[in-house]
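In what follows, a single structure is set out as structure tokens and then discussed.
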Amino acid sequence: MDTGAGSSRRPAGVAGAVSPLAAQVAAAEIQQAYDQLPIALLVNLVNGVLLAVILWGAVSPWAIGLWLALLTLVTVLRYALLFSFRRAPGLAPGTAYWRRRFVAGACAVGVVWGLAGSVLFPASSFAYQAFLAFVLGGMVAGAVPLLSVVDRAYPCFAVPVVLPIVVRMIELGDRVHWIMGLMILVFGVAMLASSAQMRRVFRDAVELRLRLSASIETERVLERMLRTDALTGVANRLAYEESLAAEWRRARREHGVLALITADIDHFKDYNDRYGHQTGDRCLIAVAQAMEQGLHRPGDLLARIGGEEFAVVLPNTPPAGALIVAERIRQRVLALHLAHEAVSTDEQVTVSLGVATTAEPCYASIADLQRASDQALYRAKRGGRNRVALADGDAD
């Protein structure tokens, strides 16, 4: 729901109590109408010049000149409107503002072409009369796809074009002209019906596209929510398990190295008991954010897999690189300077991390890799916490 500088913007919603969907549909209609306006302006001017050339000598040159000047003026004013629309910052006046001006422009050019059917009507030449009727009929038919998307725009153009030529035909009084006049009238009514139908089709298509887009976006949001930890905003256990399984398969397929870091906040139960669960939740959020800042590649994943336990999946990362990432995460958390007086008066919140990779050990399954990372984490805790430990197999 784009041409020119303003094609990527969408007009603001219609003022008043309208649904968001209705406002979006209205915005799409206006955008489509103005996107097609350059074609309409070009066609109007070219056809006007051709008509003037054909009728030159059959109609007063003054009448042709004045009519062509009027058509040019209206075309220039409509182009100025298009230029203004494209340059409008955010289209602040709203959809209704641009709708009114578009309809007014359609009415103006309809009146000008209607004047052609009256003042340029060659009363003495049936061939020129038929040609003029053909040109006006072509303009009415050609405007259907260009003007139908905006309510009232097409009738405002078509009715002033059709009625004058019908009146002039009927005024001549003979049977042939009466029939031609009625045929033009029936044609005009048919085009009005076609325009209304096209407008309904366009609105239905836009609504369907918007509903589909909204449905897809909702599904994406739900998918993200399903795989996001509600408290910390990082990935949850489901996302972790899916990512680890996918990266495990890829590492096996491409003979790459997969690293897994398991991290745990030190003495977090004591922290909760000392400061309360609300402060504990704030601590979890701060630690998660600090850990995520320690990851620099888009493919790396941080997940909260337990109360105070986190895991990091690092595709294509050898032991040395995984140790660097783990140490960077540890330093990030340490830099938070979150007091942890439940341990001692000078202590602060820290994390211990265990690293395991598929570089050297021949792990038979994902569970083996996870077990090795957990064992490395326990070694880090037994070694005094606030440190990084590498799985035994990776250290060989």
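Identifiers in this document derive from the order of the structure tokens: chains are assigned A, B, ..., residues are numbered from 1 separately in each chain, and ligands are numbered from 1 in order of occurrence.
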Problem - For Arg211 (chain A): contacts at 10 Å, only C-alpha atoms, fewer than 6 positions along chain excluded, given as a PyMOL selection string - result: chain A and resi 21+205+217
Handout entry: Residues near region 272-276 of chain A, cut-off 9 Å, only C-alpha atoms, skip fewer than 6 positions along chain, as number ranges by chain
Key = A: 340-342
Just-selected residues, N, CA, C and O atoms written as a PDB file, in the first residue's frame:
```
ATOM      1  N   HIS A 340      26.268  -6.936  46.256  1.00  0.00           N
ATOM      2  CA  HIS A 340      25.745  -8.235  46.683  1.00  0.00           C
ATOM      3  C   HIS A 340      26.220  -8.471  48.129  1.00  0.00           C
ATOM      4  O   HIS A 340      27.072  -9.315  48.410  1.00  0.00           O
ATOM      5  N   GLU A 341      25.657  -7.705  49.050  1.00  0.00           N
ATOM      6  CA  GLU A 341      26.109  -7.741  50.429  1.00  0.00           C
ATOM      7  C   GLU A 341      25.652  -8.982  51.165  1.00  0.00           C
ATOM      8  O   GLU A 341      26.019  -9.201  52.327  1.00  0.00           O
ATOM      9  N   ALA A 342      24.842  -9.814  50.521  1.00  0.00           N
ATOM     10  CA  ALA A 342      24.448 -11.068  51.146  1.00  0.00           C
ATOM     11  C   ALA A 342      25.643 -12.004  51.275  1.00  0.00           C
ATOM     12  O   ALA A 342      25.656 -12.909  52.108  1.00  0.00           O
TER      13      ALA A 342
END
```
Handout entry: Which residue of A:Val257, A:Leu284, A:Val144, A:Ile170 approaches Gly188 (chain A) most closely, using only C-alpha atoms
Key = A:Val144
Problem - Between CA of Val349 (chain A) and CA of His296 (chain A), distance in Å (one decimal) - result: 22.9 Å
Exercise for the section: Please return as a PyMOL selection string: the residues of region 153-379 of chain A that backbone DSSP assigns to alpha helix (DSSP H). Expected result: chain A and resi 153-172+175-226+237-254+268-275+277-293+319-334+366-379
